[in-house]
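Structure file coords_10.cif; described as mmCIF, C-alpha atoms and all ligand atoms.
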```cif
data_model
#
loop_
_atom_site.label_atom_id
_atom_site.label_comp_id
_atom_site.auth_asym_id
_atom_site.auth_seq_id
_atom_site.Cartn_x
_atom_site.Cartn_y
_atom_site.Cartn_z
CA MET A 1244 -1.58 78.27 -35.53
CA SER A 1245 -3.60 75.19 -36.51
CA ASP A 1246 -7.33 74.73 -36.27
CA GLN A 1247 -7.19 72.43 -33.29
CA HIS A 1248 -6.33 75.28 -30.99
CA PHE A 1249 -9.72 76.56 -31.71
CA ASN A 1250 -11.42 73.21 -31.25
CA PRO A 1251 -11.63 72.10 -27.59
CA ASP A 1252 -12.85 68.61 -28.63
CA ASN A 1253 -9.57 67.89 -30.43
CA THR A 1254 -7.64 68.53 -27.24
CA ASP A 1255 -9.80 66.05 -25.34
CA LEU A 1256 -9.28 63.42 -28.03
CA ASP A 1257 -5.50 63.81 -27.78
CA ARG A 1258 -5.64 63.28 -24.05
CA LEU A 1259 -7.88 60.27 -24.47
CA HIS A 1260 -5.56 58.66 -27.03
CA GLY A 1261 -2.65 59.38 -24.74
CA ALA A 1262 -4.39 57.56 -21.90
CA VAL A 1263 -5.24 54.56 -24.04
CA LYS A 1264 -1.67 54.29 -25.31
CA ARG A 1265 -0.28 54.47 -21.77
CA GLU A 1266 -2.58 51.79 -20.56
CA LYS A 1267 -1.47 49.34 -23.23
CA ALA A 1268 2.17 50.25 -22.70
CA ASP A 1269 1.77 49.75 -18.94
CA LEU A 1270 1.07 46.02 -19.30
CA PRO A 1271 4.37 44.26 -18.55
CA PRO A 1272 5.25 41.48 -20.99
CA GLY A 1273 3.74 38.13 -20.01
CA SER A 1274 0.77 39.57 -18.19
CA GLU A 1275 -1.44 39.58 -21.25
CA PRO A 1276 -4.52 37.44 -20.76
CA ALA A 1277 -3.78 33.75 -21.70
CA PRO A 1278 -5.01 32.80 -25.14
CA MET A 1279 -8.24 30.83 -25.14
CA TRP A 1280 -6.60 27.50 -26.09
CA VAL A 1281 -4.24 27.64 -23.11
CA MET A 1282 -7.14 28.03 -20.72
CA PHE A 1283 -8.98 25.21 -22.50
CA LEU A 1284 -6.02 22.82 -22.07
CA GLY A 1285 -5.87 23.74 -18.38
CA PHE A 1286 -9.54 22.95 -18.03
CA ILE A 1287 -9.13 19.51 -19.70
CA ALA A 1288 -6.16 18.71 -17.42
CA ALA A 1289 -8.19 19.62 -14.33
CA VAL A 1290 -11.09 17.43 -15.44
CA LEU A 1291 -8.78 14.46 -16.11
CA ALA A 1292 -7.02 14.85 -12.75
CA GLY A 1293 -10.34 15.07 -10.95
CA GLY A 1294 -11.58 11.94 -12.71
CA GLN A 1295 -8.46 10.02 -11.70
CA MET A 1296 -8.80 11.01 -8.07
CA GLY A 1297 -12.47 10.15 -8.11
CA SER A 1298 -11.99 6.66 -9.49
CA PHE A 1299 -9.38 5.84 -6.83
CA SER A 1300 -11.10 7.33 -3.80
CA GLY A 1301 -12.38 4.67 -1.44
CA TYR A 1302 -9.65 2.27 -2.49
CA GLY A 1303 -7.89 2.52 0.87
CA LEU A 1304 -7.64 -1.11 1.88
CA GLU A 1305 -8.04 -0.18 5.56
CA SER A 1306 -11.50 1.14 4.87
CA VAL A 1307 -12.98 -2.07 3.47
CA PRO A 1308 -14.50 -4.89 5.46
CA THR A 1309 -12.49 -8.12 5.78
CA TYR A 1310 -14.68 -9.93 3.32
CA GLY A 1311 -16.64 -8.02 0.75
CA ALA A 1312 -16.63 -5.87 -2.32
CA ILE A 1313 -14.11 -3.17 -3.06
CA GLN A 1314 -13.78 -0.86 -6.00
CA ASP A 1315 -11.21 -2.49 -8.23
CA PRO A 1316 -9.23 0.19 -10.12
CA ARG A 1317 -9.29 -2.10 -13.17
CA SER A 1318 -13.01 -1.43 -13.44
CA GLY A 1319 -12.19 2.24 -14.16
CA GLY A 1320 -14.77 3.46 -11.69
CA GLY A 1321 -17.43 1.15 -13.14
CA PRO A 1322 -19.42 -1.46 -11.26
CA GLN A 1323 -17.83 -2.90 -8.12
CA VAL A 1324 -15.81 -6.06 -8.56
CA GLN A 1325 -16.54 -8.75 -6.00
CA LEU A 1326 -13.26 -10.14 -4.68
CA SER A 1327 -13.20 -13.58 -3.10
CA PRO A 1328 -12.10 -13.72 0.56
CA PHE A 1329 -8.79 -15.16 -0.67
CA GLU A 1330 -8.21 -12.39 -3.23
CA LEU A 1331 -9.04 -9.74 -0.65
CA ALA A 1332 -6.69 -11.31 1.93
CA MET A 1333 -3.89 -11.42 -0.68
CA LYS A 1334 -4.40 -7.73 -1.53
CA LYS A 1335 -4.37 -6.66 2.12
CA GLY A 1336 -1.62 -9.16 2.88
CA GLU A 1337 0.72 -7.57 0.36
CA THR A 1338 0.41 -4.34 2.35
CA ALA A 1339 0.70 -6.05 5.76
CA TYR A 1340 3.83 -7.87 4.49
CA GLY A 1341 5.44 -4.40 4.57
CA THR A 1342 6.31 -5.25 8.20
CA CYS A 1343 8.33 -8.28 7.05
CA ASN A 1344 9.94 -7.22 3.78
CA GLY A 1345 12.69 -5.13 5.38
CA CYS A 1346 14.27 -8.44 6.40
CA HIS A 1347 12.71 -11.20 4.28
CA GLN A 1348 12.64 -8.92 1.17
CA ALA A 1349 9.81 -8.27 -1.28
CA THR A 1350 11.03 -11.32 -3.22
CA GLY A 1351 10.65 -13.56 -0.13
CA LEU A 1352 14.26 -14.64 -0.65
CA GLY A 1353 15.64 -13.04 2.52
CA THR A 1354 19.34 -12.20 2.75
CA PRO A 1355 21.85 -15.07 2.94
CA GLY A 1356 23.51 -15.22 6.36
CA ALA A 1357 21.10 -12.69 7.90
CA PHE A 1358 17.44 -13.38 7.09
CA PRO A 1359 16.12 -16.78 6.00
CA PRO A 1360 13.97 -17.14 2.86
CA LEU A 1361 10.17 -17.45 3.05
CA ALA A 1362 9.96 -18.48 -0.61
CA GLY A 1363 9.98 -22.29 -0.65
CA SER A 1364 10.20 -22.42 3.17
CA ASP A 1365 8.55 -25.33 4.99
CA TRP A 1366 7.98 -22.94 7.92
CA ALA A 1367 5.90 -20.70 5.65
CA THR A 1368 3.74 -23.42 4.10
CA GLY A 1369 3.77 -25.88 7.05
CA GLY A 1370 1.58 -25.98 10.15
CA THR A 1371 -0.22 -22.72 10.89
CA GLU A 1372 0.15 -23.45 14.65
CA ARG A 1373 3.92 -23.03 14.23
CA LEU A 1374 3.86 -20.19 11.70
CA ILE A 1375 1.51 -17.98 13.74
CA ARG A 1376 3.61 -18.57 16.88
CA VAL A 1377 6.77 -17.44 15.02
CA VAL A 1378 5.13 -14.16 14.02
CA LEU A 1379 3.51 -13.49 17.42
CA HIS A 1380 6.62 -13.99 19.58
CA GLY A 1381 9.62 -14.32 17.24
CA LEU A 1382 12.25 -17.01 16.72
CA SER A 1383 15.82 -17.47 17.94
CA GLY A 1384 18.68 -19.96 17.70
CA GLN A 1385 19.80 -22.17 14.86
CA ILE A 1386 17.02 -23.37 12.56
CA THR A 1387 16.60 -25.61 9.54
CA VAL A 1388 14.73 -24.14 6.58
CA SER A 1389 13.67 -26.68 3.95
CA GLY A 1390 16.53 -29.01 4.95
CA LYS A 1391 19.23 -26.31 5.06
CA PRO A 1392 20.74 -25.10 8.35
CA PHE A 1393 20.42 -21.39 9.02
CA THR A 1394 22.10 -19.37 11.76
CA ALA A 1395 20.87 -15.80 12.12
CA PRO A 1396 23.17 -13.21 13.70
CA ALA A 1397 20.13 -11.88 15.61
CA PRO A 1398 16.77 -13.47 16.47
CA MET A 1399 13.52 -12.53 14.75
CA PRO A 1400 11.49 -10.16 16.94
CA GLY A 1401 7.83 -10.94 17.63
CA TRP A 1402 5.07 -8.84 16.12
CA GLY A 1403 2.18 -9.76 18.43
CA ALA A 1404 2.33 -6.41 20.21
CA THR A 1405 2.39 -4.26 17.07
CA MET A 1406 0.34 -6.17 14.48
CA THR A 1407 -3.41 -6.85 14.67
CA ASP A 1408 -4.87 -10.33 14.15
CA ASP A 1409 -6.14 -9.11 10.77
CA ASP A 1410 -2.71 -7.89 9.65
CA ILE A 1411 -0.94 -11.08 10.78
CA ALA A 1412 -3.57 -13.29 9.11
CA ASN A 1413 -3.41 -11.39 5.82
CA ALA A 1414 0.40 -11.19 5.83
CA LEU A 1415 0.58 -14.97 6.41
CA THR A 1416 -1.99 -15.77 3.71
CA TYR A 1417 0.20 -13.65 1.42
CA VAL A 1418 3.43 -15.40 2.52
CA ARG A 1419 1.81 -18.83 2.08
CA ASN A 1420 0.66 -18.01 -1.45
CA SER A 1421 3.44 -15.92 -3.03
CA TRP A 1422 6.73 -16.67 -4.80
CA GLY A 1423 5.54 -20.16 -5.73
CA ASN A 1424 4.31 -21.02 -2.20
CA LYS A 1425 0.86 -22.60 -2.04
CA ALA A 1426 -0.97 -23.30 1.22
CA SER A 1427 -4.24 -22.69 3.03
CA MET A 1428 -5.38 -19.26 4.18
CA VAL A 1429 -4.76 -17.93 7.67
CA THR A 1430 -7.78 -16.12 9.12
CA PRO A 1431 -7.89 -13.50 11.91
CA ASP A 1432 -9.84 -16.04 13.96
CA MET A 1433 -6.94 -18.52 13.80
CA VAL A 1434 -4.44 -15.84 14.92
CA ALA A 1435 -6.76 -14.83 17.79
CA LYS A 1436 -6.92 -18.46 18.98
CA VAL A 1437 -3.13 -18.87 19.10
CA ARG A 1438 -2.71 -15.43 20.68
CA GLY A 1439 -5.16 -16.47 23.41
CA THR A 1440 -3.38 -19.79 24.04
CA GLU A 1441 0.05 -18.09 24.29
CA LYS A 1442 -0.90 -14.90 26.11
CA ALA A 1443 1.45 -15.75 29.02
CA ARG A 1444 4.45 -15.97 26.68
CA SER A 1445 6.88 -13.16 25.85
CA ALA A 1446 10.18 -14.87 24.85
CA ALA A 1447 11.04 -15.77 21.27
CA TRP A 1448 10.52 -19.43 20.34
CA THR A 1449 13.21 -21.94 19.49
CA GLN A 1450 12.92 -24.51 16.72
CA ALA A 1451 12.86 -27.36 19.30
CA GLU A 1452 9.95 -25.79 21.20
CA LEU A 1453 7.94 -25.42 18.01
CA GLU A 1454 8.63 -28.90 16.66
CA PRO A 1455 5.32 -30.34 18.00
CA TYR A 1456 3.44 -27.67 16.01
CA SER A 1457 5.39 -27.99 12.77
CA LYS A 1458 2.65 -29.90 10.93
CA LYS A 1459 -0.33 -28.84 13.01
CA ASP A 1460 -2.99 -26.48 11.69
CA VAL A 1461 -5.14 -24.22 13.84
CA ALA A 1462 -8.75 -25.31 13.60
CA GLY A 1463 -10.05 -22.24 11.80
CA ASP A 1464 -12.75 -20.86 9.59
CA ALA A 1465 -10.63 -20.85 6.44
CA PRO A 1466 -12.84 -21.21 3.38
CA PRO A 1467 -11.81 -24.45 1.61
CA ALA A 1468 -11.76 -22.92 -1.88
CA GLN A 1469 -9.13 -20.34 -2.78
C1 LIG B 1501 14.01 -7.65 11.82
C2 LIG B 1501 14.08 -8.65 10.78
C3 LIG B 1501 12.84 -9.52 10.59
C4 LIG B 1501 11.56 -9.13 10.35
C5 LIG B 1501 11.03 -7.72 10.21
C6 LIG B 1501 10.78 -10.34 10.20
N1 LIG B 1501 11.59 -11.43 10.35
FE1 LIG B 1501 11.04 -13.37 10.11
N2 LIG B 1501 12.90 -13.96 10.61
C7 LIG B 1501 13.97 -13.14 10.89
C8 LIG B 1501 15.10 -13.93 11.30
C9 LIG B 1501 16.47 -13.38 11.68
C10 LIG B 1501 14.68 -15.26 11.27
C11 LIG B 1501 15.51 -16.48 11.64
C12 LIG B 1501 15.48 -16.64 13.15
C13 LIG B 1501 16.38 -17.77 13.62
O1 LIG B 1501 17.23 -18.21 12.84
O2 LIG B 1501 16.21 -18.23 14.75
C14 LIG B 1501 13.30 -15.25 10.81
C15 LIG B 1501 12.55 -16.39 10.60
C16 LIG B 1501 11.26 -16.41 10.08
C17 LIG B 1501 10.52 -17.61 9.72
C18 LIG B 1501 11.00 -19.05 9.86
C19 LIG B 1501 12.14 -19.35 8.92
C20 LIG B 1501 11.80 -19.25 7.45
O3 LIG B 1501 12.70 -18.85 6.69
O4 LIG B 1501 10.69 -19.58 7.03
C21 LIG B 1501 9.31 -17.20 9.26
C22 LIG B 1501 8.17 -18.07 8.75
C23 LIG B 1501 9.29 -15.75 9.34
N3 LIG B 1501 10.49 -15.30 9.83
C24 LIG B 1501 8.22 -14.96 8.98
C25 LIG B 1501 8.17 -13.58 9.13
C26 LIG B 1501 6.99 -12.77 8.87
C27 LIG B 1501 5.67 -13.29 8.33
C28 LIG B 1501 7.33 -11.49 9.16
C29 LIG B 1501 6.44 -10.25 9.12
C30 LIG B 1501 5.25 -10.28 9.93
C31 LIG B 1501 8.72 -11.48 9.60
N4 LIG B 1501 9.18 -12.76 9.57
C32 LIG B 1501 9.43 -10.34 9.94
C33 LIG B 1501 13.97 -11.75 10.80
C34 LIG B 1501 12.84 -10.96 10.59
#
```
Whole structure, structure tokens version:
Amino acid sequence: MSDQHFNPDNTDLDRLHGAVKREKADLPPGSEPAPMWVMFLGFIAAVLAGGQMGSFSGYGLESVPTYGAIQDPRSGGGPQVQLSPFELAMKKGETAYGTCNGCHQATGLGTPGAFPPLAGSDWATGGTERLIRVVLHGLSGQITVSGKPFTAPAPMPGWGATMTDDDIANALTYVRNSWGNKASMVTPDMVAKVRGTEKARSAAWTQAELEPYSKKDVAGDAPPAQ
């Protein structure tokens, strides 16, 4: 018989130790609290991600006025960069061109035998009276693009019903000033004027019908300097 049988405190201590040991043993592997440095790394990552999101919020091009200042991501969330009307139209135009690039391609080169090129096209850089009409109501039949005959298997559909004046103007400013093209801006006002003049029309145009407009520009509010 040892002494502990006569000491009730010893018995309690044994039970206590037993409980403590069980508790530790009960923790399944992997559920130990994360070391401090792991939590710290997680915190840094969260702060960085938050900062990124913050500096890009408000950069939705739809949410900015036609002409004005937008937060340029290059400024890293710093002071606002003032874009010229031309720069802003080009930025929005690149997005609006998403309606066209399925056929005319992001390169503006089109697809031989199916979709004519906009890069280097006299239709693209020529009269805005003709260009805006093509986009509003479409184009059908054989055409000549920069001196080369082109026969499309299917006509180009018009976009007047689905695109706003803003989107058409910006897309056309983009088309007229990308891939080496260089021509004046197209403004929403110019598109609205042609839309108004042609509101009775629904059929696609032919090259012959548009000939009188091929070198004619819509009297518009295009700023002279780009
Ligand atoms: C569904 C395919 C398709 C889409 C989308 C499309 N086009 Fe076209 N586009 C054509 C075809 C086909 C022709 C040639 C029509 C013809 O030969 O009569 C053409 C011709 C043109 C021309 C005159 C020819 C040339 O090569 O310059 C211009 C300018 C033009 N498209 C601009 C646009 C713009 C701007 C958009 C977007 C708003 C657009 N197109 C969207 C198929 C498309």
Output as a Markdown table one row per residue of chain A within 8 Å of ligand LIG 1501 (chain B): the closest atom pair and its distance in Å to one decimal place, counting all atoms listed in the file, sorted by chain and residue number ascending.
```
| residue | atom | partner | partner_atom | distance |
| --- | --- | --- | --- | --- |
| A:Ala1339 | CA | B:LIG1501 | C30 | 7.5 |
| A:Tyr1340 | CA | B:LIG1501 | C29 | 5.8 |
| A:Gly1341 | CA | B:LIG1501 | C29 | 7.5 |
| A:Thr1342 | CA | B:LIG1501 | C29 | 5.1 |
| A:Cys1343 | CA | B:LIG1501 | C29 | 3.4 |
| A:Asn1344 | CA | B:LIG1501 | C5 | 6.5 |
| A:Gly1345 | CA | B:LIG1501 | C5 | 5.7 |
| A:Cys1346 | CA | B:LIG1501 | C2 | 4.4 |
| A:His1347 | CA | B:LIG1501 | N1 | 6.2 |
| A:Gly1353 | CA | B:LIG1501 | O3 | 7.7 |
| A:Ala1357 | CA | B:LIG1501 | C9 | 6.0 |
| A:Phe1358 | CA | B:LIG1501 | C9 | 4.7 |
| A:Pro1359 | CA | B:LIG1501 | O3 | 4.1 |
| A:Pro1360 | CA | B:LIG1501 | O3 | 4.4 |
| A:Leu1361 | CA | B:LIG1501 | O4 | 4.5 |
| A:Ala1362 | CA | B:LIG1501 | O4 | 7.8 |
| A:Ser1364 | CA | B:LIG1501 | O4 | 4.8 |
| A:Asp1365 | CA | B:LIG1501 | O4 | 6.5 |
| A:Trp1366 | CA | B:LIG1501 | O4 | 4.4 |
| A:Ala1367 | CA | B:LIG1501 | C22 | 4.7 |
| A:Leu1374 | CA | B:LIG1501 | C22 | 5.6 |
| A:Val1377 | CA | B:LIG1501 | C21 | 6.3 |
| A:Val1378 | CA | B:LIG1501 | C30 | 5.6 |
| A:Gly1381 | CA | B:LIG1501 | FE1 | 7.3 |
| A:Leu1382 | CA | B:LIG1501 | O2 | 4.6 |
| A:Ser1383 | CA | B:LIG1501 | O2 | 3.3 |
| A:Gly1384 | CA | B:LIG1501 | O2 | 4.2 |
| A:Gln1385 | CA | B:LIG1501 | O1 | 5.1 |
| A:Ile1386 | CA | B:LIG1501 | O1 | 5.2 |
| A:Thr1387 | CA | B:LIG1501 | C19 | 7.7 |
| A:Val1388 | CA | B:LIG1501 | O3 | 5.7 |
| A:Phe1393 | CA | B:LIG1501 | O1 | 5.9 |
| A:Thr1394 | CA | B:LIG1501 | O1 | 5.1 |
| A:Ala1395 | CA | B:LIG1501 | O1 | 4.4 |
| A:Pro1396 | CA | B:LIG1501 | C9 | 7.0 |
| A:Ala1397 | CA | B:LIG1501 | C9 | 5.6 |
| A:Pro1398 | CA | B:LIG1501 | C12 | 4.8 |
| A:Met1399 | CA | B:LIG1501 | C7 | 3.9 |
| A:Pro1400 | CA | B:LIG1501 | C1 | 6.2 |
| A:Gly1401 | CA | B:LIG1501 | C32 | 7.9 |
| A:Trp1402 | CA | B:LIG1501 | C30 | 6.4 |
| A:Met1406 | CA | B:LIG1501 | C30 | 7.9 |
| A:Ile1411 | CA | B:LIG1501 | C30 | 6.3 |
| A:Ala1414 | CA | B:LIG1501 | C27 | 6.2 |
| A:Leu1415 | CA | B:LIG1501 | C27 | 5.7 |
| A:Val1418 | CA | B:LIG1501 | C27 | 6.6 |
| A:Thr1449 | CA | B:LIG1501 | O2 | 6.7 |
| A:Gln1450 | CA | B:LIG1501 | O2 | 7.4 |
```
Point to revise | Among the residues A:Asp1432, A:Glu1441, A:Glu1372, A:Asp1408, the one that comes closest to Ser1457 of chain A [using only C-alpha atoms] | key: A:Glu1372
Practice item. For each of A:Lys1391, A:Arg1376, A:Lys1442, A:Lys1436, take the minimum atom-to-atom distance to Glu1454 of chain A, counting only C-alpha atoms, then give the residue where this is smallest. Key: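 Among A:Lys1391, A:Arg1376, A:Lys1442, A:Lys1436, it is A:Arg1376 that comes nearest to Glu1454 of chain A.
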Exercise for review: Mind giving me the straight-line distance from atom CA of Ala1412 of chain A to atom CA of Val1324 of chain A in Å, one decimal?
Suggested key: 22.7 Å
Exercise for review: For atom CA of Ser1389 of chain A and atom CA of Lys1425 of chain A, quote the distance in Å rounded to one decimal.
Suggested key: 14.7 Å
Practice item. Find the residue from A:Arg1438, A:Arg1419, A:Lys1334, A:His1380 that sits nearest to Val1461 of chain A; use all atoms listed in the file when measuring. Key: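 Once distances to Val1461 of chain A are computed over all atoms listed in the file, the minimum belongs to A:Arg1438.
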Revision key, fill the gap. re atom CA of Tyr1456 of chain A and atom CA of Arg1373 of chain A: distance 5.0 Å
